[in-house]
Amino acid sequence: MKIRYLSIIFTVMIVLLTAMIYWVVDQSDYQAADLPTINKAYTQVIKKLEAGASIGSLENESHCKILLTSEDDYATRMYEALGDGDILLDYTNGNTLLGKIIFNEIAGKYDSLKKEMERMICYLGILMLVAINVVLLLIYQYYIKPFQKLKSFAADIAKGNLDHRLEITKDSYFGAFTESFDIMREELRKAREAEYRANTSKKELVASLSHDMKTPISTIKVTCEVLMMKETDQGRKEKIDIIAQKANMIDTLIDNMFHATLEELQILKVEPKEELSDIIEPMFKE
């Protein structure tokens with residue numbers, strides 16, 4: 001799997017996970033309460049109300065709201081407090097309900113904590129997203145990219161391009177591994193050059209021998225022509241003609257081998273030099 005596909009998959013997973021956790025936290029409501037503290041505060045408020053303390057002073061002192069049934073908006077304010085997640089306790093006198101005592105301090109702290117948690121979840125999601133992409137980038141840089149270079153290098157070797165050097169990085173974990181591949185390329189190049197020189201030498205030798213063999217064959221052919229002109233016996237002439245035919249066959253084979261070798265070599269070395277015409281007479285005598 002390609003590294004960019006992994007990056008996309010991890011990104012989607014982290015975004016979905018972060019969104020799900022954020023939604024769960026956002027939809028949660030405050031349920032647990034510090035009951036001993038609330039009961040204690042509630043008892044003190046009731047005692048002070050029975051002692052004749054004013055409602056305003058008690059609300060400021062105990063951080064609560066005192067809602068009386070005699071107020072016109074009693075029902076509305078009570079439902080608003082329930083919707084806000086406040087804690088409502090009955091304020092009674094015997095069996096008569098006089099109102100509600102509302103404690104909202106703890107719920108307010110919970111709302112603040114919930115917002116802080118939501119913010120931290122967002123930060124954590126972004127941090128995880130950045131961290132995973134950085135890790136994937138490092139994996140690509142130090143592990144996957146060197147292998148991609150080796151793949152391209154192997155393709156060049158397969159095509160016969162042995163002059164392409166493999167780049168070696170000092171801080172790479174595959175430095176020695178890469179160097180071994182480059183040494184292999186260099187040895188293959190040297191072996192190919194040696195093989196080429198050996199094949200060229202063999203072809204040059206064949207071409208040289210083919211050229212040298214033409215001289216004695218030509219001598220045989222010329223000798224046969226001279227004997228045919230001088231010989232009167234028919235039987236001997238037939239034998240001389242057979243020798244001439246075989247000499248022509250050998251000469252044809254030598255020509256074919258010589259020209260084929262020159263075509264493979266794709267070169268024909270000629271070294272002209274000046275010589276005295278006196279060397280022609282010994283050639284005719286031979």
# chains A, B, ... in the order shown; residues from 1 in each chain; ligands from 1
$ residues_around --residues "A:Cys122" --least-positions-apart "6" --cutoff "12 Å" --atoms "only C-alpha atoms" --output "list of chain:residue names"
A:Ile14, A:Val15, A:Leu16, A:Leu17, A:Thr18, A:Ala19, A:Met20, A:Ile21, A:Tyr22, A:Trp23, A:Val25, A:Lys115, A:Glu116, A:Met128, A:Leu129
$ residues_around --residues "A:Leu227" --least-positions-apart "3" --cutoff "10 Å" --atoms "only C-alpha atoms" --output "tab-separated table (two decimals) with all heavy atoms, in the first residue's frame"
chain	number	residue	atom	x	y	z
A	221	LYS	N	44.77	-22.65	-56.68
A	221	LYS	CA	43.93	-22.40	-57.85
A	221	LYS	C	44.77	-22.04	-59.08
A	221	LYS	O	44.51	-22.54	-60.19
A	221	LYS	CB	42.94	-21.27	-57.53
A	221	LYS	CG	41.88	-21.66	-56.51
A	221	LYS	CD	41.09	-20.46	-56.03
A	221	LYS	CE	40.32	-19.82	-57.15
A	221	LYS	NZ	39.50	-18.68	-56.67
A	222	VAL	N	45.76	-21.18	-58.89
A	222	VAL	CA	46.61	-20.77	-60.02
A	222	VAL	C	47.39	-21.98	-60.54
A	222	VAL	O	47.55	-22.18	-61.76
A	222	VAL	CB	47.56	-19.64	-59.58
A	222	VAL	CG1	48.60	-19.39	-60.67
A	222	VAL	CG2	46.77	-18.38	-59.30
A	223	THR	N	47.89	-22.80	-59.58
A	223	THR	CA	48.66	-23.98	-59.98
A	223	THR	C	47.79	-24.93	-60.79
A	223	THR	O	48.24	-25.52	-61.80
A	223	THR	CB	49.20	-24.70	-58.73
A	223	THR	OG1	50.01	-23.79	-57.99
A	223	THR	CG2	50.04	-25.91	-59.13
A	224	CYS	N	46.52	-25.10	-60.37
A	224	CYS	CA	45.62	-25.95	-61.11
A	224	CYS	C	45.39	-25.42	-62.53
A	224	CYS	O	45.32	-26.20	-63.51
A	224	CYS	CB	44.28	-26.08	-60.38
A	224	CYS	SG	44.36	-27.06	-58.87
A	230	LYS	N	48.89	-27.33	-69.33
A	230	LYS	CA	50.04	-28.13	-69.77
A	230	LYS	C	49.70	-29.61	-69.91
A	230	LYS	O	50.32	-30.32	-70.70
A	230	LYS	CB	51.19	-27.98	-68.79
A	230	LYS	CG	51.81	-26.59	-68.80
A	230	LYS	CD	52.99	-26.53	-67.83
A	230	LYS	CE	53.67	-25.17	-67.88
A	230	LYS	NZ	54.84	-25.12	-66.97
A	231	GLU	N	48.72	-30.09	-69.09
A	231	GLU	CA	48.43	-31.51	-69.05
A	231	GLU	C	47.63	-31.92	-70.29
A	231	GLU	O	46.70	-31.23	-70.71
A	231	GLU	CB	47.64	-31.85	-67.78
A	231	GLU	CG	47.48	-33.34	-67.54
A	231	GLU	CD	48.82	-34.03	-67.37
A	231	GLU	OE1	49.65	-33.56	-66.56
A	231	GLU	OE2	49.02	-35.06	-68.06
A	232	THR	N	48.03	-33.11	-70.87
A	232	THR	CA	47.34	-33.65	-72.05
A	232	THR	C	46.53	-34.88	-71.70
A	232	THR	O	45.57	-35.20	-72.42
A	232	THR	CB	48.38	-34.01	-73.13
A	232	THR	OG1	49.32	-34.96	-72.58
A	232	THR	CG2	49.12	-32.76	-73.62
A	236	ARG	N	44.14	-37.18	-65.80
A	236	ARG	CA	44.78	-36.23	-64.88
A	236	ARG	C	44.07	-34.88	-64.88
A	236	ARG	O	43.97	-34.21	-63.86
A	236	ARG	CB	46.24	-36.07	-65.27
A	236	ARG	CG	47.08	-37.32	-65.01
A	236	ARG	CD	48.52	-37.07	-65.39
A	236	ARG	NE	49.34	-38.27	-65.11
A	236	ARG	CZ	50.65	-38.35	-65.37
A	236	ARG	NH1	51.25	-37.31	-65.95
A	236	ARG	NH2	51.30	-39.46	-65.09
A	237	LYS	N	43.59	-34.48	-66.04
A	237	LYS	CA	42.86	-33.21	-66.12
A	237	LYS	C	41.60	-33.23	-65.24
A	237	LYS	O	41.27	-32.24	-64.57
A	237	LYS	CB	42.46	-32.91	-67.56
A	237	LYS	CG	43.58	-32.36	-68.41
A	237	LYS	CD	43.05	-31.92	-69.77
A	237	LYS	CE	44.14	-31.25	-70.59
A	237	LYS	NZ	43.63	-30.77	-71.88
A	240	ILE	N	42.74	-32.82	-61.70
A	240	ILE	CA	43.15	-31.43	-61.45
A	240	ILE	C	41.91	-30.54	-61.36
A	240	ILE	O	41.83	-29.62	-60.53
A	240	ILE	CB	44.09	-30.93	-62.57
A	240	ILE	CG1	45.42	-31.71	-62.51
A	240	ILE	CG2	44.34	-29.44	-62.43
A	240	ILE	CD1	46.32	-31.43	-63.69
A	241	ASP	N	40.87	-30.84	-62.19
A	241	ASP	CA	39.65	-30.04	-62.15
A	241	ASP	C	38.94	-30.21	-60.81
A	241	ASP	O	38.37	-29.25	-60.27
A	241	ASP	CB	38.73	-30.48	-63.30
A	241	ASP	CG	37.49	-29.62	-63.38
A	241	ASP	OD1	37.62	-28.38	-63.53
A	241	ASP	OD2	36.37	-30.18	-63.26
$ atom_distance --atom1 "atom CA of A:Leu67" --atom2 "atom CA of A:Phe103"
11.0 Å
$ closest_residue --among "A:Glu61, A:Glu118, A:Glu286, A:Asp255" --to "A:Ser208" --atoms "only C-alpha atoms"
A:Asp255
$ select_by_dssp --residues "stretch 55-268 of chain A" --states "strand (DSSP E)" --output "ChimeraX atom specification"
/A:64-68,87-93,96-103
$ atom_distance --atom1 "atom CA of A:Lys100" --atom2 "atom CA of A:Thr69"
7.8 Å
$ atom_distance --atom1 "atom CA of A:Asn256" --atom2 "atom CA of A:Ile280"
27.3 Å
$ closest_residue --among "A:Ile102, A:Leu35, A:Leu136, A:Ile243" --to "A:Lys65" --atoms "only C-alpha atoms"
A:Ile102
$ closest_residue --among "A:Val130, A:Phe258, A:Leu137, A:Asp84" --to "A:Leu205" --atoms "only C-alpha atoms"
A:Phe258
$ residues_around --residues "stretch 70-72 of chain A" --least-positions-apart "2" --cutoff "12 Å" --atoms "only C-alpha atoms" --output "ChimeraX atom specification"
/A:66-68,74-78,97-100
$ closest_residue --among "A:Ala53, A:Ser7, A:Tyr91, A:Arg119" --to "A:Val135" --atoms "only C-alpha atoms"
A:Ser7
$ closest_residue --among "A:Met117, A:Met213, A:Met229, A:Leu276" --to "A:Asp251" --atoms "only C-alpha atoms"
A:Met213
$ closest_residue --among "A:Leu89, A:Ile157, A:Cys64, A:Ala198" --to "A:Asp182" --atoms "only C-alpha atoms"
A:Ile157
